[in-house]
>>> print(open('protein_3.cif').read())   # mmCIF, C-alpha atoms and all ligand atoms
data_input
loop_
_atom_site.label_atom_id
_atom_site.label_comp_id
_atom_site.auth_asym_id
_atom_site.auth_seq_id
_atom_site.Cartn_x
_atom_site.Cartn_y
_atom_site.Cartn_z
CA MET U 12 98.11 -104.40 -112.74
CA SER U 13 100.11 -101.74 -110.91
CA PRO U 14 99.82 -101.73 -107.11
CA VAL U 15 97.44 -99.31 -105.40
CA TYR U 16 98.88 -97.35 -102.48
CA PRO U 17 97.03 -95.29 -99.88
CA SER U 18 97.07 -91.52 -100.22
CA LEU U 19 99.11 -89.28 -97.92
CA SER U 20 95.95 -88.33 -96.02
CA GLU U 21 94.94 -91.98 -95.62
CA LEU U 22 98.38 -92.69 -94.19
CA GLY U 23 97.97 -89.67 -91.92
CA ALA U 24 94.68 -91.05 -90.61
CA ALA U 25 96.32 -94.42 -89.94
CA LEU U 26 99.13 -92.70 -87.99
CA ALA U 27 96.96 -90.16 -86.16
CA GLU U 28 96.96 -91.93 -82.81
CA GLY U 29 100.71 -91.70 -82.34
CA PRO U 30 102.60 -88.64 -81.05
CA ASP U 31 102.98 -86.04 -83.77
CA ALA U 32 106.22 -85.00 -85.46
CA LEU U 33 106.69 -81.98 -83.20
CA LYS U 34 106.24 -83.92 -79.98
CA ARG U 35 108.69 -86.60 -81.09
CA ARG U 36 111.30 -83.91 -81.73
CA ALA U 37 110.57 -81.63 -78.77
CA GLY U 38 113.42 -82.83 -76.53
CA LEU U 39 116.03 -82.49 -79.26
CA VAL U 40 114.75 -79.06 -80.32
CA ALA U 41 114.76 -77.82 -76.71
CA ALA U 42 118.35 -79.01 -76.22
CA MET U 43 119.42 -77.24 -79.40
CA ALA U 44 117.68 -74.04 -78.31
CA ALA U 45 119.41 -74.20 -74.90
CA HIS U 46 122.81 -74.46 -76.59
CA GLU U 47 121.93 -71.49 -78.78
CA GLN U 48 120.90 -69.42 -75.77
CA ASP U 49 124.37 -70.04 -74.37
CA GLY U 50 125.89 -68.74 -77.61
CA VAL U 51 126.85 -72.20 -78.87
CA ASP U 52 125.29 -72.24 -82.30
CA CYS U 53 125.99 -72.77 -86.00
CA SER U 54 125.89 -69.11 -87.04
CA ALA U 55 129.58 -68.85 -88.01
CA CYS U 56 129.84 -72.23 -89.72
CA SER U 57 129.93 -73.13 -93.40
CA GLY U 58 127.51 -75.99 -92.65
CA VAL U 59 130.00 -78.72 -93.43
CA CYS U 60 127.94 -81.38 -91.62
CA CYS U 61 125.24 -81.05 -94.31
CA THR U 62 127.67 -81.64 -97.19
CA PHE U 63 129.28 -84.71 -98.70
CA VAL U 64 132.22 -84.14 -96.36
CA ALA U 65 130.25 -85.42 -93.38
CA ASN U 66 126.57 -86.03 -94.17
CA SER U 67 125.28 -89.57 -94.59
CA MET U 68 121.79 -89.05 -93.16
CA GLN U 69 119.41 -91.95 -93.53
CA THR U 70 115.73 -91.82 -92.59
CA THR U 71 113.21 -94.33 -91.32
CA PRO U 72 109.80 -94.55 -93.01
CA LEU U 73 108.32 -92.36 -90.25
CA GLU U 74 111.04 -89.71 -90.54
CA THR U 75 110.55 -89.73 -94.31
CA TYR U 76 106.80 -89.33 -93.84
CA ASP U 77 107.27 -86.40 -91.41
CA LEU U 78 109.52 -84.63 -93.87
CA LEU U 79 107.20 -85.30 -96.77
CA VAL U 80 104.13 -83.97 -94.96
CA TRP U 81 106.01 -80.80 -94.07
CA LEU U 82 107.33 -80.35 -97.62
CA GLN U 83 103.85 -80.79 -99.01
CA ALA U 84 102.42 -78.20 -96.60
CA GLN U 85 105.14 -75.83 -97.84
CA GLN U 86 104.20 -76.65 -101.45
CA ARG U 87 107.76 -77.73 -102.16
CA ILE U 88 107.05 -81.08 -103.78
CA ASP U 89 107.32 -80.50 -107.49
CA ALA U 90 109.28 -81.54 -110.58
CA ASP U 91 112.27 -79.39 -109.54
CA LEU U 92 112.54 -81.11 -106.18
CA VAL U 93 112.25 -84.54 -107.79
CA ALA U 94 114.97 -83.63 -110.29
CA HIS U 95 117.23 -82.37 -107.48
CA LEU U 96 116.68 -85.53 -105.43
CA LYS U 97 117.40 -87.72 -108.47
CA GLU U 98 120.55 -85.78 -109.26
CA THR U 99 121.73 -86.18 -105.65
CA VAL U 100 121.11 -89.95 -105.81
CA ARG U 101 122.95 -90.19 -109.13
CA ARG U 102 125.89 -88.02 -108.18
CA TYR U 103 126.60 -89.76 -104.87
CA ARG U 104 125.49 -93.25 -105.97
CA LEU U 105 123.04 -93.42 -103.10
CA ASP U 106 121.04 -96.25 -104.67
CA ALA U 107 124.11 -98.52 -104.83
CA PRO U 108 124.84 -100.84 -101.90
CA ASP U 109 127.11 -99.35 -99.24
CA PRO U 110 130.71 -100.57 -99.41
CA GLY U 111 130.92 -103.79 -97.43
CA ASP U 112 131.64 -107.50 -97.45
CA GLY U 113 128.15 -108.57 -98.52
CA ARG U 114 126.96 -109.19 -94.96
CA ARG U 115 127.48 -105.76 -93.44
CA SER U 116 128.40 -102.35 -94.70
CA PHE U 117 131.63 -100.73 -93.54
CA VAL U 118 130.74 -97.11 -94.25
CA ARG U 119 127.70 -95.19 -95.37
CA ARG U 120 127.80 -93.16 -98.56
CA THR U 121 127.96 -89.42 -97.96
CA TYR U 122 126.17 -86.72 -99.92
CA THR U 123 125.46 -83.01 -99.91
CA CYS U 124 121.91 -82.73 -98.64
CA PRO U 125 119.48 -81.50 -101.30
CA PHE U 126 117.95 -79.21 -98.66
CA PHE U 127 121.21 -77.44 -97.87
CA LYS U 128 121.49 -74.03 -99.48
CA ARG U 129 125.28 -73.73 -99.23
CA ASP U 130 125.23 -70.79 -96.89
CA LYS U 131 125.47 -70.12 -93.19
CA LEU U 132 122.53 -71.67 -91.30
CA GLY U 133 121.87 -73.38 -94.62
CA CYS U 134 119.23 -75.97 -93.76
CA THR U 135 115.89 -75.20 -95.38
CA ILE U 136 113.92 -77.73 -93.33
CA SER U 137 111.97 -76.78 -90.20
CA ARG U 138 113.04 -78.26 -86.90
CA GLN U 139 109.58 -79.79 -86.66
CA ALA U 140 110.35 -82.05 -89.64
CA LYS U 141 114.11 -82.67 -89.73
CA PRO U 142 115.50 -86.17 -89.27
CA TYR U 143 116.31 -86.84 -85.63
CA GLY U 144 120.00 -87.28 -86.42
CA CYS U 145 120.16 -83.76 -87.86
CA LEU U 146 118.63 -82.29 -84.71
CA GLY U 147 120.96 -84.28 -82.49
CA PHE U 148 124.18 -83.17 -84.21
CA ASN U 149 125.40 -79.91 -82.69
CA PRO U 150 128.44 -77.82 -81.82
CA PHE U 151 129.82 -77.97 -78.29
CA LYS U 152 131.92 -74.84 -78.47
CA ALA U 153 130.95 -71.41 -79.77
CA GLY U 154 132.35 -70.08 -83.03
CA GLN U 155 132.73 -73.30 -85.03
CA VAL U 156 133.49 -72.55 -88.67
CA GLU U 157 134.18 -76.02 -90.07
CA GLY U 158 132.56 -78.31 -87.53
CA GLY U 159 135.64 -79.14 -85.48
CA GLU U 160 133.92 -79.35 -82.10
CA CYS U 161 130.61 -80.87 -83.15
CA ARG U 162 129.14 -84.28 -82.44
CA SER U 163 125.98 -86.32 -82.15
CA GLN U 164 124.28 -86.13 -78.78
CA ILE U 165 123.91 -89.87 -78.52
CA ASP U 166 122.42 -89.76 -75.02
CA LEU U 167 119.62 -87.43 -76.12
CA LEU U 168 118.97 -89.41 -79.30
CA GLU U 169 118.77 -92.66 -77.34
CA ARG U 170 116.48 -91.12 -74.72
CA ARG U 171 114.16 -89.86 -77.44
CA GLU U 172 114.16 -93.23 -79.14
CA ALA U 173 113.39 -95.06 -75.90
CA GLU U 174 110.51 -92.70 -75.13
CA PHE U 175 108.79 -93.17 -78.47
CA ALA U 176 110.04 -96.57 -79.61
CA ALA U 177 106.81 -98.50 -79.10
CA ARG U 178 104.70 -96.04 -81.13
CA GLU U 179 107.33 -95.55 -83.79
CA VAL U 180 107.67 -99.27 -84.41
CA VAL U 181 103.92 -99.40 -85.06
CA ALA U 182 104.05 -96.31 -87.28
CA ASP U 183 106.94 -97.71 -89.31
CA GLN U 184 104.99 -100.95 -89.75
CA VAL U 185 101.94 -99.03 -90.99
CA LEU U 186 104.09 -97.20 -93.53
CA ARG U 187 106.03 -100.28 -94.58
CA ARG U 188 102.86 -102.24 -95.13
CA GLY U 189 100.97 -99.39 -96.80
CA LEU U 190 103.73 -98.49 -99.23
CA ALA U 191 105.29 -101.96 -99.60
CA LEU U 192 108.66 -100.78 -98.27
CA ASP U 193 111.33 -103.41 -97.71
CA TRP U 194 113.71 -101.23 -95.69
CA GLU U 195 114.17 -99.79 -92.23
CA LYS U 196 116.37 -96.86 -93.22
CA LYS U 197 117.54 -95.42 -96.50
CA PRO U 198 119.55 -92.35 -97.55
CA MET U 199 117.06 -89.51 -97.21
CA PRO U 200 116.88 -88.62 -100.96
CA VAL U 201 116.28 -92.27 -101.92
CA ALA U 202 113.57 -92.67 -99.28
CA LEU U 203 111.84 -89.42 -100.30
CA LEU U 204 111.83 -90.36 -103.98
CA GLU U 205 110.21 -93.72 -103.23
CA PHE U 206 107.48 -92.04 -101.14
CA ILE U 207 106.87 -89.31 -103.73
CA ASP U 208 106.64 -91.89 -106.49
CA LYS U 209 104.32 -94.29 -104.68
CA LEU U 210 102.10 -91.49 -103.40
CA ALA U 211 102.12 -89.80 -106.83
CA LEU U 212 102.84 -86.45 -105.16
CA ALA U 213 104.70 -84.82 -108.05
CA ASP U 214 102.38 -85.94 -110.86
S1 LIG J 301 117.95 -81.85 -93.46
FE1 LIG J 301 118.98 -79.94 -92.97
S2 LIG J 301 120.28 -80.40 -91.19
FE2 LIG J 301 119.73 -82.35 -92.14
S3 LIG J 301 121.40 -82.82 -93.58
FE3 LIG J 301 119.80 -81.75 -94.73
S4 LIG J 301 120.39 -79.57 -94.68
FE4 LIG J 301 121.53 -80.63 -93.04
S1 LIG J 302 126.60 -78.74 -86.29
FE1 LIG J 302 128.76 -78.11 -86.41
S2 LIG J 302 129.39 -78.59 -88.55
FE2 LIG J 302 127.14 -78.58 -88.48
S3 LIG J 302 126.53 -76.48 -89.08
FE3 LIG J 302 126.62 -76.55 -86.83
S4 LIG J 302 128.69 -75.85 -86.29
FE4 LIG J 302 128.73 -76.45 -88.48
#
>>> encode(input="protein_3.cif", output="structure tokens")
Amino acid sequence: MSPVYPSLSELGAALAEGPDALKRRAGLVAAMAAHEQDGVDCSACSGVCCTFVANSMQTTPLETYDLLVWLQAQQRIDADLVAHLKETVRRYRLDAPDPGDGRRSFVRRTYTCPFFKRDKLGCTISRQAKPYGCLGFNPFKAGQVEGGECRSQIDLLERREAEFAAREVVADQVLRRGLALDWEKKPMPVALLEFIDKLALAD
């Protein structure tokens, strides 16, 4: 007999007591907006950090859930999206183990994000639903064209994590138990495909 998983709305009800996706991202979004107000933004860049050159974004169950809920509200979960995610996984071998010695991985596999539209300001995901790592990676000098002066704002990311850690651990447990997930982070396309499959969202 195939396993029975909760629906997206049942998962939402189980997670309702925790801070919502927007609140958990507010500090990172505000920092990004402050940079932009100072003229330090991504408007001149090719978006290299979202391509296979530099992107290896992995998502937790909760980050995957946030993204999925937003995609569903935008009516973007369909056969085309599933095909694009599968093609990304195949092309960049995202379902293969990371290169390593069997005990730890040395590097993460990189991939061009399926939500990048290969244009300036090319991310098609709202700031209210992006992975935290995407929000925390920003330019530090105006006029970047290939990401030379960009980096992760580790201090902000750690502060955000510390603020919400207790609730996020619980939320990740709810999702791991509900969807029988055996991972803490996976490459975003792999994680999304598993959620979409188990929640039967593209059927
Ligand atoms: S979600 Fe957006 S910002 Fe993050 S890697 Fe994909 S395109 Fe880039
Ligand atoms: S963070 Fe840097 S590399 Fe990424 S789009 Fe912005 S300017 Fe380009």
>>> residues_around(input="protein_3.cif", residues="U:Ala94", least_positions_apart="3", cutoff="12 Å", atoms="all atoms listed in the file", output="ChimeraX atom specification")
/U:88-91,97-102,125,200,203-204,207,213
>>> residues_near_ligand(input="protein_3.cif", ligand="ligand LIG 302 (chain J)", cutoff="12 Å", atoms="only C-alpha atoms and all ligand atoms", output="ChimeraX atom specification")
/U:43,46-47,50-66,127-134,144-164
>>> write_last_selection(input="protein_3.cif", atoms="C-alpha atoms", output="short mmCIF file (atom, residue, chain, number, x, y, z; two decimals), keeping the file's coordinate frame")
data_model
loop_
_atom_site.label_atom_id
_atom_site.label_comp_id
_atom_site.auth_asym_id
_atom_site.auth_seq_id
_atom_site.Cartn_x
_atom_site.Cartn_y
_atom_site.Cartn_z
CA MET U 43 119.42 -77.24 -79.40
CA HIS U 46 122.81 -74.46 -76.59
CA GLU U 47 121.93 -71.49 -78.78
CA GLY U 50 125.89 -68.74 -77.61
CA VAL U 51 126.85 -72.20 -78.87
CA ASP U 52 125.29 -72.24 -82.30
CA CYS U 53 125.99 -72.77 -86.00
CA SER U 54 125.89 -69.11 -87.04
CA ALA U 55 129.58 -68.85 -88.01
CA CYS U 56 129.84 -72.23 -89.72
CA SER U 57 129.93 -73.13 -93.40
CA GLY U 58 127.51 -75.99 -92.65
CA VAL U 59 130.00 -78.72 -93.43
CA CYS U 60 127.94 -81.38 -91.62
CA CYS U 61 125.24 -81.05 -94.31
CA THR U 62 127.67 -81.64 -97.19
CA PHE U 63 129.28 -84.71 -98.70
CA VAL U 64 132.22 -84.14 -96.36
CA ALA U 65 130.25 -85.42 -93.38
CA ASN U 66 126.57 -86.03 -94.17
CA PHE U 127 121.21 -77.44 -97.87
CA LYS U 128 121.49 -74.03 -99.48
CA ARG U 129 125.28 -73.73 -99.23
CA ASP U 130 125.23 -70.79 -96.89
CA LYS U 131 125.47 -70.12 -93.19
CA LEU U 132 122.53 -71.67 -91.30
CA GLY U 133 121.87 -73.38 -94.62
CA CYS U 134 119.23 -75.97 -93.76
CA GLY U 144 120.00 -87.28 -86.42
CA CYS U 145 120.16 -83.76 -87.86
CA LEU U 146 118.63 -82.29 -84.71
CA GLY U 147 120.96 -84.28 -82.49
CA PHE U 148 124.18 -83.17 -84.21
CA ASN U 149 125.40 -79.91 -82.69
CA PRO U 150 128.44 -77.82 -81.82
CA PHE U 151 129.82 -77.97 -78.29
CA LYS U 152 131.92 -74.84 -78.47
CA ALA U 153 130.95 -71.41 -79.77
CA GLY U 154 132.35 -70.08 -83.03
CA GLN U 155 132.73 -73.30 -85.03
CA VAL U 156 133.49 -72.55 -88.67
CA GLU U 157 134.18 -76.02 -90.07
CA GLY U 158 132.56 -78.31 -87.53
CA GLY U 159 135.64 -79.14 -85.48
CA GLU U 160 133.92 -79.35 -82.10
CA CYS U 161 130.61 -80.87 -83.15
CA ARG U 162 129.14 -84.28 -82.44
CA SER U 163 125.98 -86.32 -82.15
CA GLN U 164 124.28 -86.13 -78.78
#
>>> closest_residue(input="protein_3.cif", among="U:Ser116, U:Thr71, U:Thr123, U:Gln85", to="ligand LIG 301 (chain J)", atoms="all atoms listed in the file")
U:Thr123
>>> closest_residue(input="protein_3.cif", among="U:Pro198, U:Pro30, U:Pro142, U:Pro110", to="ligand LIG 301 (chain J)", atoms="all atoms listed in the file")
U:Pro142
>>> residues_around(input="protein_3.cif", residues="U:Leu210", least_positions_apart="2", cutoff="7 Å", atoms="only C-alpha atoms", output="VMD selection string")
chain U and resid 16 18 to 19 206 to 208 212
